[in-house]
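Undergrad: Structure file entry26.txt (compact mmCIF, C-alpha atoms) is given on the next line.
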# COMPACT_ATOMS: atom_id res chain seq x y z
CA MET A 1 62.41 117.93 48.03
CA ALA A 2 63.46 115.69 45.20
CA CYS A 3 64.98 112.30 45.92
CA GLU A 4 68.37 113.31 44.46
CA GLN A 5 68.74 115.96 47.12
CA TRP A 6 67.96 113.48 49.87
CA GLN A 7 70.37 110.94 48.49
CA SER A 8 73.37 113.18 49.10
CA GLN A 9 72.47 113.04 52.80
CA LEU A 10 71.76 109.34 53.17
CA ASP A 11 75.25 108.39 54.35
CA THR A 12 75.37 111.21 56.89
CA TYR A 13 71.91 110.09 58.00
CA LEU A 14 73.15 106.52 58.48
CA ASP A 15 76.25 107.80 60.29
CA GLY A 16 73.85 109.41 62.77
CA GLU A 17 75.45 112.77 62.13
CA LEU A 18 72.53 114.61 60.57
CA ALA A 19 71.12 117.49 62.60
CA ALA A 20 67.78 116.93 64.33
CA GLU A 21 65.59 118.84 61.89
CA PRO A 22 66.88 117.32 58.58
CA MET A 23 66.87 113.94 60.35
CA ARG A 24 63.12 114.21 61.05
CA ALA A 25 62.45 115.43 57.52
CA LEU A 26 64.43 112.58 56.00
CA ASP A 27 62.66 110.05 58.26
CA ALA A 28 59.35 111.35 56.97
CA HIS A 29 60.53 111.18 53.35
CA LEU A 30 61.79 107.61 53.73
CA ARG A 31 58.41 106.46 55.01
CA SER A 32 56.79 107.75 51.84
CA CYS A 33 59.51 106.97 49.26
CA PRO A 34 60.16 103.29 48.40
CA ALA A 35 63.11 104.18 46.13
CA CYS A 36 65.02 106.07 48.86
CA SER A 37 64.11 103.39 51.44
CA ALA A 38 65.58 100.74 49.17
CA ASP A 39 68.66 102.90 48.73
CA VAL A 40 69.07 103.20 52.50
CA LEU A 41 68.69 99.46 52.92
CA ALA A 42 71.33 98.80 50.24
CA ARG A 43 73.70 101.25 51.91
CA VAL A 44 73.14 99.61 55.30
CA GLN A 45 73.97 96.22 53.83
CA PHE A 46 77.03 97.57 52.08
CA ARG A 47 78.25 99.08 55.34
CA ARG A 48 77.74 95.82 57.15
CA SER A 49 79.82 94.10 54.51
CA VAL A 50 82.55 96.75 54.80
CA LYS A 51 82.52 96.41 58.57
CA ALA A 52 82.86 92.64 58.37
CA ALA A 53 85.58 92.89 55.71
CA GLY A 54 87.37 95.61 57.64
CA ALA A 55 87.60 93.62 60.85
CA ARG A 56 90.08 91.40 59.09
CA PHE A 57 93.32 91.16 61.03
CA ALA A 58 93.70 89.61 64.44
CA PRO A 59 96.89 90.04 66.44
CA ASN A 60 99.12 87.06 67.02
CA PRO A 61 98.52 85.66 70.55
CA ASP A 62 102.27 85.79 71.27
CA PHE A 63 102.42 89.42 70.23
CA ARG A 64 99.40 90.23 72.35
CA SER A 65 100.90 88.66 75.47
CA LYS A 66 104.23 90.37 74.78
CA ILE A 67 102.61 93.80 74.71
CA GLN A 68 100.34 93.00 77.63
CA LYS A 69 103.33 91.95 79.69
CA LYS A 70 105.24 95.09 78.76
CA ILE A 71 102.37 97.45 79.45
CA GLY A 72 101.27 95.57 82.54
CA SER A 73 104.65 95.47 84.19
CA LYS A 74 105.57 99.03 83.24
CA SER A 75 102.33 100.68 84.19
CA ARG A 76 102.06 98.59 87.32
CA ARG A 77 105.64 99.35 88.21
CA THR A 78 105.08 103.02 87.64
CA TRP A 79 101.95 102.87 89.69
CA ASN A 80 103.63 100.79 92.38
CA PHE A 81 106.55 103.14 92.67
CA GLY A 82 104.15 106.02 93.04
CA TRP A 83 102.13 104.11 95.54
CA ILE A 84 105.14 102.89 97.48
CA PHE A 85 106.60 106.38 97.53
CA ALA A 86 103.36 107.91 98.74
CA THR A 87 102.87 105.21 101.35
CA SER A 88 106.47 105.47 102.52
CA ALA A 89 106.23 109.23 102.75
CA LEU A 90 103.00 108.97 104.70
CA ALA A 91 104.42 106.24 106.93
CA LEU A 92 107.54 108.31 107.59
CA LEU A 93 105.41 111.32 108.45
CA LEU A 94 103.27 109.25 110.78
CA ILE A 95 106.30 107.64 112.41
CA ALA A 96 108.03 111.00 112.74
CA GLY A 97 104.87 112.45 114.20
CA ALA A 98 104.43 109.54 116.57
CA VAL A 99 108.09 109.64 117.63
CA THR A 100 107.95 113.38 118.20
CA THR A 101 104.78 113.03 120.22
CA TYR A 102 106.18 110.08 122.12
CA LEU A 103 109.49 111.83 122.80
CA GLY A 104 107.63 114.98 123.76
CA ARG A 105 105.43 113.11 126.19
CA ARG A 106 108.32 111.09 127.50
CA ASN A 107 110.37 114.22 127.99
CA LEU A 108 107.50 115.88 129.80
CA ARG A 109 107.01 112.86 132.05
CA GLN A 110 110.73 112.71 132.72
CA GLN A 111 110.75 116.36 133.75
CA GLN A 112 107.76 115.73 136.00
CA LEU A 113 109.51 112.76 137.56
CA TYR A 114 112.77 114.65 138.16
CA SER A 115 110.80 117.48 139.61
CA GLU A 116 109.09 115.05 141.97
CA LEU A 117 112.45 113.52 142.93
CA ALA A 118 113.85 116.98 143.60
CA ASP A 119 110.85 117.73 145.82
CA LEU A 120 111.33 114.47 147.74
CA HIS A 121 115.06 115.07 148.12
CA VAL A 122 114.73 118.67 149.28
CA ALA A 123 111.69 118.04 151.48
CA THR A 124 113.37 115.10 153.16
CA LEU A 125 116.61 116.96 153.86
CA GLY A 126 114.70 119.98 155.09
CA SER A 127 112.58 117.95 157.48
CA ALA A 128 113.30 117.77 161.19
CA ASN A 129 113.39 113.99 160.89
CA PRO A 130 114.78 113.29 157.48
CA VAL A 131 115.05 109.59 158.02
CA ASP A 132 112.91 107.08 159.86
CA VAL A 133 115.70 104.68 160.49
CA VAL A 134 118.74 106.54 161.69
CA SER A 135 121.74 104.33 161.28
CA SER A 136 124.97 104.16 159.45
CA ASP A 137 124.91 100.43 159.71
CA ARG A 138 123.64 98.78 156.56
CA HIS A 139 122.74 95.68 158.62
CA THR A 140 120.31 97.83 160.58
CA VAL A 141 118.90 99.85 157.73
CA LYS A 142 118.21 97.00 155.31
CA PRO A 143 116.13 94.87 157.74
CA TRP A 144 114.17 97.95 158.80
CA PHE A 145 112.53 97.99 155.36
CA GLN A 146 111.23 94.43 155.74
CA GLY A 147 107.44 94.43 155.51
CA LYS A 148 107.41 98.10 154.53
CA ILE A 149 108.32 97.79 150.87
CA PRO A 150 107.53 94.96 148.42
CA PHE A 151 111.17 94.06 147.64
CA THR A 152 114.58 93.75 149.23
CA PHE A 153 117.95 95.16 148.26
CA ASN A 154 121.62 95.06 149.22
CA LEU A 155 123.51 98.00 150.63
CA PRO A 156 127.21 98.54 149.98
CA GLU A 157 129.99 98.25 152.48
CA LEU A 158 131.06 101.85 152.99
CA GLN A 159 134.17 101.28 155.07
CA ASN A 160 137.24 102.82 153.50
CA THR A 161 135.06 105.13 151.39
CA GLU A 162 134.15 108.78 151.79
CA PHE A 163 130.46 107.93 151.97
CA THR A 164 128.39 107.59 155.08
CA LEU A 165 124.91 106.12 155.34
CA LEU A 166 122.66 108.47 157.33
CA GLY A 167 119.54 106.34 157.31
CA GLY A 168 116.43 105.59 155.31
CA ARG A 169 112.71 106.06 154.99
CA VAL A 170 109.87 104.69 152.96
CA THR A 171 109.00 106.87 149.98
CA TYR A 172 106.32 106.88 147.36
CA LEU A 173 106.86 107.63 143.73
CA GLY A 174 104.51 107.01 140.84
CA GLN A 175 102.06 105.20 143.12
CA SER A 176 104.57 102.64 144.26
CA SER A 177 106.48 102.42 147.49
CA GLY A 178 110.24 102.27 147.62
CA ALA A 179 113.27 102.93 149.74
CA HIS A 180 114.74 106.39 150.11
CA LEU A 181 118.27 106.27 151.54
CA ILE A 182 120.38 109.24 152.51
CA PHE A 183 124.13 109.09 152.07
CA GLN A 184 126.58 111.75 152.91
CA ILE A 185 129.87 112.65 151.32
CA ARG A 186 131.68 115.50 152.93
CA LYS A 187 128.94 118.12 153.45
CA HIS A 188 126.75 116.86 150.64
CA GLN A 189 123.77 114.64 151.17
CA ILE A 190 122.74 112.31 148.41
CA SER A 191 119.37 110.64 148.04
CA VAL A 192 119.22 107.13 146.71
CA PHE A 193 115.80 105.99 145.61
CA ILE A 194 115.24 102.29 145.08
CA LEU A 195 111.93 101.45 143.47
CA PRO A 196 110.32 98.56 141.66
CA GLU A 197 110.90 98.95 137.96
CA ALA A 198 107.36 100.27 137.63
CA SER A 199 105.92 102.37 134.90
CA SER A 200 106.88 105.70 136.43
CA SER A 201 110.52 104.80 136.68
CA GLN A 202 110.66 103.20 133.23
CA ILE A 203 110.59 106.61 131.63
CA LEU A 204 114.11 107.19 132.98
CA SER A 205 115.54 104.27 131.07
CA GLY A 206 117.93 105.01 128.27
CA ASN A 207 119.74 107.80 130.12
CA PRO A 208 122.97 106.24 131.29
CA GLY A 209 125.55 108.17 133.27
CA VAL A 210 125.21 111.23 135.42
CA GLN A 211 122.88 113.92 134.15
CA ARG A 212 122.03 117.34 135.32
CA GLN A 213 118.34 117.67 136.10
CA GLN A 214 116.50 120.38 138.00
CA THR A 215 119.93 121.82 138.99
CA PHE A 216 120.80 118.47 140.65
CA ASN A 217 122.95 115.65 139.41
CA VAL A 218 121.23 112.36 138.76
CA GLU A 219 122.33 108.89 137.85
CA SER A 220 119.81 106.17 137.24
CA TRP A 221 119.87 102.53 136.21
CA THR A 222 117.96 99.32 136.63
CA GLN A 223 119.31 96.19 138.16
CA ASP A 224 117.51 92.95 139.06
CA GLY A 225 114.11 94.48 138.43
CA LEU A 226 114.79 97.52 140.59
CA ARG A 227 115.18 101.11 139.51
CA TYR A 228 118.01 102.95 141.28
CA ILE A 229 118.09 106.75 141.24
CA VAL A 230 121.02 108.55 142.82
CA PHE A 231 120.13 112.20 143.28
CA GLY A 232 121.89 115.12 144.91
CA ASP A 233 123.99 118.23 144.71
CA ALA A 234 127.30 116.39 145.05
CA SER A 235 129.66 116.32 142.09
CA PRO A 236 128.98 113.97 139.19
CA ASP A 237 132.12 112.10 140.17
CA ASP A 238 130.81 111.48 143.69
CA LEU A 239 127.51 110.30 142.27
CA ARG A 240 129.32 107.94 139.94
CA LYS A 241 131.35 106.49 142.82
CA LEU A 242 128.29 105.95 144.97
CA SER A 243 126.44 104.44 142.01
CA ALA A 244 129.34 102.03 141.43
CA LEU A 245 129.24 100.96 145.06
CA LEU A 246 125.49 100.37 144.94
CA LYS A 247 125.80 98.43 141.70
CA SER A 248 128.48 96.12 143.02
CA ALA A 249 126.49 95.60 146.26
CA ALA A 250 123.42 94.65 144.24
CA ARG A 251 125.46 92.09 142.30
CA SER A 252 126.79 90.40 145.43
CA MET B 1 76.21 105.41 65.69
CA CYS B 2 79.65 105.90 67.02
CA VAL B 3 80.52 105.11 70.59
CA SER B 4 82.29 107.73 72.62
CA ALA B 5 85.28 106.56 74.56
CA LEU B 6 85.58 108.90 77.49
CA PRO B 7 87.67 107.15 80.13
CA PRO B 8 86.76 107.32 83.79
CA GLN B 9 88.85 109.68 85.87
CA SER B 10 92.23 108.35 86.98
CA ALA B 11 91.96 105.01 85.16
CA SER B 12 95.33 103.33 84.67
CA PHE B 13 96.99 103.20 81.26
CA GLU B 14 96.69 99.43 81.23
CA GLU B 15 92.96 99.53 81.94
CA LEU B 16 92.36 101.96 79.08
CA ALA B 17 94.84 100.73 76.51
CA ILE B 18 94.58 96.95 76.60
CA PRO B 19 90.90 96.81 75.51
CA LEU B 20 91.89 98.73 72.35
CA PHE B 21 94.62 96.26 71.43
CA ASP B 22 92.74 94.12 68.87
CA GLN B 23 91.21 97.03 67.00
CA LEU B 24 94.45 99.01 67.00
CA TYR B 25 96.25 96.03 65.58
CA ASN B 26 93.62 95.60 62.87
CA PHE B 27 93.91 99.28 61.95
CA ALA B 28 97.72 99.08 61.95
CA HIS B 29 97.66 96.02 59.70
CA TRP B 30 95.35 97.78 57.24
CA LEU B 31 97.70 100.74 57.15
CA ALA B 32 100.98 98.87 56.98
CA GLN B 33 99.64 95.98 54.88
CA ASN B 34 101.87 93.40 56.56
CA ARG B 35 102.01 91.69 59.91
CA GLU B 36 105.57 92.46 60.90
CA GLU B 37 105.25 96.16 60.27
CA ALA B 38 101.83 96.24 61.93
CA GLU B 39 103.33 94.69 65.07
CA ASP B 40 106.14 97.26 65.08
CA LEU B 41 103.57 100.01 64.69
CA VAL B 42 101.41 98.77 67.56
CA GLN B 43 104.40 98.21 69.80
CA GLU B 44 105.71 101.68 69.14
CA THR B 45 102.26 103.16 69.65
CA TYR B 46 101.91 101.54 73.06
CA ALA B 47 105.42 102.58 74.06
CA LYS B 48 104.80 106.19 73.01
CA ALA B 49 101.39 106.28 74.64
CA LEU B 50 102.74 104.86 77.89
CA ARG B 51 105.50 107.45 77.94
CA GLY B 52 103.06 110.23 77.15
CA PHE B 53 100.22 109.03 79.35
CA SER B 54 100.99 111.61 82.02
CA SER B 55 100.32 114.33 79.46
CA PHE B 56 97.08 112.71 78.34
CA GLN B 57 94.19 114.70 79.73
CA GLN B 58 91.84 112.43 81.62
CA GLY B 59 88.30 112.98 80.47
CA THR B 60 89.27 113.57 76.84
CA ASN B 61 88.95 110.91 74.18
CA PHE B 62 91.49 108.20 74.91
CA ARG B 63 90.61 106.10 71.87
CA ALA B 64 91.11 109.02 69.47
CA TRP B 65 94.40 109.79 71.25
CA MET B 66 95.68 106.22 70.76
CA TYR B 67 94.63 106.11 67.10
CA ARG B 68 96.26 109.46 66.51
CA ILE B 69 99.55 108.19 67.94
CA LEU B 70 99.34 105.05 65.83
CA ARG B 71 98.49 107.01 62.70
CA ASN B 72 101.30 109.54 63.25
CA THR B 73 103.72 106.70 63.87
CA PHE B 74 102.63 105.13 60.59
CA LEU B 75 102.87 108.39 58.66
CA THR B 76 106.47 108.87 59.74
CA SER B 77 107.42 105.28 58.85
CA ARG B 78 108.86 104.51 55.44
CA THR B 79 105.71 102.70 54.33
CA GLY B 80 103.62 105.57 55.57
CA LEU B 81 105.70 108.17 53.78
CA ASN B 82 105.43 106.22 50.52
CA ALA B 83 101.71 105.64 50.94
CA THR B 84 100.88 109.27 51.61
CA MET B 85 102.73 110.62 48.60
CA THR B 86 99.40 110.49 46.78
CA VAL B 87 97.28 112.22 49.44
CA PRO B 88 95.47 115.18 47.88
CA LEU B 89 95.68 118.62 49.43
CA GLU B 90 92.94 119.14 52.00
CA SER B 91 91.66 122.19 50.07
CA ASP B 92 90.89 119.89 47.17
CA GLU B 93 88.56 117.93 49.39
CA ASP B 94 86.61 120.80 50.81
CA GLY B 95 84.68 121.55 47.64
CA PRO B 96 81.23 120.17 46.98
CA VAL B 97 81.12 116.43 46.50
CA ALA B 98 80.55 115.40 42.92
CA PRO B 99 76.87 114.51 42.59
CA LEU B 100 77.80 111.24 40.97
CA ALA B 101 79.65 110.09 44.07
CA ASN B 102 76.57 110.08 46.25
CA THR B 103 73.90 109.40 43.77
CA GLN B 104 75.47 106.15 42.65
CA THR B 105 72.95 103.68 43.88
CA PRO B 106 74.77 100.89 45.61
CA GLU B 107 72.07 98.38 44.81
CA ALA B 108 74.01 97.31 41.76
CA ILE B 109 76.98 96.45 43.85
CA LEU B 110 75.17 94.60 46.62
CA ILE B 111 77.53 92.02 47.87
CA ASP B 112 77.00 89.55 50.66
CA ARG B 113 79.45 88.49 53.28
CA SER B 114 80.60 85.51 51.27
CA ASN B 115 82.11 88.04 48.92
CA GLN B 116 84.37 89.45 51.61
CA ASN B 117 87.58 88.74 49.73
CA LEU B 118 86.46 91.03 46.94
CA LEU B 119 85.64 93.79 49.38
CA GLN B 120 88.90 93.32 51.23
CA SER B 121 90.98 93.59 48.09
CA ALA B 122 88.96 96.68 47.14
CA LEU B 123 89.83 98.24 50.52
CA GLU B 124 93.50 97.38 49.95
CA GLU B 125 93.43 99.19 46.64
CA LEU B 126 92.00 102.35 48.16
CA PRO B 127 94.49 105.15 48.78
CA VAL B 128 95.52 105.11 52.42
CA HIS B 129 93.69 108.34 53.34
CA PHE B 130 90.41 106.85 52.07
CA ARG B 131 91.11 103.47 53.62
CA GLU B 132 91.80 104.87 57.07
CA ILE B 133 88.74 107.12 57.21
CA LEU B 134 86.46 104.30 56.07
CA LEU B 135 87.90 101.95 58.68
CA LEU B 136 87.56 104.54 61.44
CA CYS B 137 83.94 105.17 60.51
CA GLU B 138 82.67 101.76 59.46
CA VAL B 139 84.78 99.38 61.55
CA GLU B 140 85.59 101.50 64.59
CA GLU B 141 82.25 103.30 64.42
CA MET B 142 83.87 106.59 65.37
CA SER B 143 81.84 109.78 65.29
CA TYR B 144 82.84 112.52 62.86
CA GLN B 145 84.21 114.41 65.84
CA GLU B 146 86.40 111.47 66.88
CA ILE B 147 87.60 111.00 63.33
CA ALA B 148 88.40 114.70 63.13
CA GLU B 149 90.44 114.41 66.36
CA THR B 150 92.23 111.29 65.16
CA ILE B 151 93.18 112.50 61.71
CA ALA B 152 93.47 116.13 62.78
CA ILE B 153 91.20 117.54 60.08
CA PRO B 154 88.03 119.67 60.33
CA ILE B 155 84.65 117.92 60.52
CA GLY B 156 83.70 119.30 57.10
CA THR B 157 86.72 117.58 55.62
CA VAL B 158 85.78 114.37 57.44
CA MET B 159 82.37 114.47 55.74
CA SER B 160 83.67 115.18 52.25
CA ARG B 161 86.54 112.71 52.49
CA LEU B 162 84.24 110.00 53.78
CA SER B 163 81.89 110.62 50.93
CA ARG B 164 84.69 110.36 48.39
CA ALA B 165 86.09 107.28 50.07
CA ARG B 166 82.72 105.51 49.88
CA ALA B 167 82.33 106.47 46.26
CA ALA B 168 85.84 105.25 45.47
CA LEU B 169 85.21 101.95 47.22
CA ARG B 170 81.95 101.40 45.37
CA ALA B 171 83.69 102.17 42.11
CA ILE B 172 86.42 99.62 42.76
CA VAL B 173 83.88 97.01 43.87
CA ARG B 174 81.81 97.64 40.76
CA GLN B 175 84.88 97.21 38.56
CA LYS B 176 85.77 93.98 40.29
CA LEU B 177 82.22 92.66 39.98
CA GLN B 178 82.20 93.46 36.29
CA LYS B 179 85.42 91.54 35.79
CA THR B 180 84.08 88.44 37.46
Mind turning the file's structure into structure tokens?

TA:
Amino acid sequence: MACEQWQSQLDTYLDGELAAEPMRALDAHLRSCPACSADVLARVQFRRSVKAAGARFAPNPDFRSKIQKKIGSKSRRTWNFGWIFATSALALLLIAGAVTTYLGRRNLRQQQLYSELADLHVATLGSANPVDVVSSDRHTVKPWFQGKIPFTFNLPELQNTEFTLLGGRVTYLGQSSGAHLIFQIRKHQISVFILPEASSSQILSGNPGVQRQQTFNVESWTQDGLRYIVFGDASPDDLRKLSALLKSAARS
Amino acid sequence: MCVSALPPQSASFEELAIPLFDQLYNFAHWLAQNREEAEDLVQETYAKALRGFSSFQQGTNFRAWMYRILRNTFLTSRTGLNATMTVPLESDEDGPVAPLANTQTPEAILIDRSNQNLLQSALEELPVHFREILLLCEVEEMSYQEIAETIAIPIGTVMSRLSRARAALRAIVRQKLQKT
């Protein structure tokens, strides 16, 4: 091939855009043709000069920092919002999940506890000897518990009320011992459980007032580190009255 | 010879766009021919690119995308509209390159780097469509494919226009050398 034909391809060759086969052929020609080699060299030098001349304008440093600040803050903000949103959504999901699980478990444990209380209440009343200390005198019942349970408590004065104290016994709930007292109002017998504010009774916290559980009425509260549970088939009003008496006795 | 600029997956706009700042500014200044307008061009380019970044397909050529935005912004500016009044129809470029254009031996116009001013004023005199393609190829070292993506013309047109641009530049340089 004549040199003129090669020359039309020299720039494409230098741009690295020639196909593999013509590239090899041109390489071979350049090794044997001093004129074309000189041409290539001149073109390479011209390109270098154009490149150097073309890289002429540098941005103003102030302008650069202005754009950098704009881009940086905007793209970071965009990214941050996305990130914060995603994290918040995930956190909310996790919290919701955890709360649901926690509430579910707590609810289950509460039901188990009420069920246990119902068993204790019914079993005690159905027993031939429902109470171990049979007395309506609070000054007899309270000392009877000394040495049997790891705490002491006050019993209300029941004179001039409809309630009668039938007696008491030691009970066990959630692996801790406590007092189980039986009160009577009219024909109804009400169990009052007094327990250390241990883990098993903590799950009842946050449920103020009389509730209906396992077909019974229940009122529960904590006072001076003790968990009180008033449990029975009497009316909610009766339970409230008895609870008020126990609360005021505990304060005195 | 030209470096491809494929961004890594899920790179941030800032990570991709800031490294191009100096070269985009240089290109903008060559197009607009003055600093103030070049700054406006670059600023608008970055603003448009940032807004449109979500539509940019990761894995495609980010550099070509940015240059295309800058170039389109320029073409719709007043300076750009005036400058492109003289752009020939693409069909005119697709024909065979005049033998003279490529057979002109550049030896006669060998200039060294100390003669940069002459070369720079020659580049300024080039019509904008020659100037931009020469800058993209020689300064930015873009491949024909990248240039084709940036200017939105076929590769064949890239080749013929480049060839004409080089010939035109050599002609201007030769004229200038003869005058001196």

Undergrad: Can you tell me which residues surround Gly147 of chain A at a distance of at most 12 Å, considering all atoms listed in the file, apart from same-chain residues fewer than 4 positions away, and format the answer as a ChimeraX atom specification?

TA: /A:142-143,151-152,170,177-179

Undergrad: I need the chain A residues near chain B as a PyMOL selection string; criterion: at most 8 Å, counting all atoms listed in the file.

TA: chain A and resi 4+7-8+11-12+14-17+39+42-43+45-47+49-59+63-64+67-68+71-72+75

Undergrad: By how many Å are atom CA of Leu90 of chain A and atom CA of Gly104 of chain A apart?

TA: 20.5 Å

Undergrad: I'd like the contact shell of Thr150 of chain B - 7 Å cut-off, all atoms listed in the file, skipping same-chain residues fewer than 6 positions apart - returned as a list in words.

TA: Ala64, Trp65, Tyr67 and Arg68 of chain B

Undergrad: Using only C-alpha atoms, which of A:Gly232, A:Leu195, A:Lys247, A:Val218 sits nearest Glu157 of chain A?

TA: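 Among A:Gly232, A:Leu195, A:Lys247, A:Val218, it is A:Lys247 that comes nearest to Glu157 of chain A.
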
Undergrad: When you look at Ser77 of chain B with a cut-off of 10 Å (counting only C-alpha atoms), what residues show up, excluding the ones that are within fewer than 6 positions of it in the same chain? I need them as a ChimeraX atom specification.

TA: /B:32,37,41,71,83

Undergrad: Nearest residue to Gly80 of chain B out of B:Asp40, B:Gln57, B:Leu31, B:Ala49, using only C-alpha atoms?

TA: B:Leu31

Undergrad: From the options A:Ala234, A:Lys148, A:Leu113, A:Phe216, which residue's atoms come nearest to Arg186 of chain A, counting all atoms listed in the file?

TA: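 Of A:Ala234, A:Lys148, A:Leu113, A:Phe216, the one nearest Arg186 of chain A is A:Ala234, counting all atoms listed in the file.
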
Undergrad: If we count all atoms listed in the file, what is near Ile194 of chain A at a cut-off of 8 Å, once residues fewer than 6 positions away on the same chain are taken out, given as a ChimeraX atom specification?

TA: /A:178-180,226-229

Undergrad: What does the distance between atom CA of Cys36 of chain A and atom CA of Gly156 of chain B come to in Å, to one decimal place?

TA: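 A separation of 24.3 Å between them.
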
Undergrad: By how many Å are atom CA of Ala128 of chain A and atom CA of Phe183 of chain A apart?

TA: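 Atom-to-atom, atom CA of Ala128 of chain A and atom CA of Phe183 of chain A are spaced 16.6 Å apart.
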
Undergrad: Using only C-alpha atoms, which of B:Leu20, B:Glu44, B:Leu126, B:Leu81 sits nearest Ala167 of chain B?

TA: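 Checking each of B:Leu20, B:Glu44, B:Leu126, B:Leu81 against Ala167 of chain B, counting only C-alpha atoms, the winner is B:Leu126.
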
Undergrad: Tell me which of A:Ala20, A:Val210, A:Val131, A:Leu155 sits closest to Ser252 of chain A, counting only C-alpha atoms.

TA: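 Of all the options, A:Leu155 lies closest to Ser252 of chain A.
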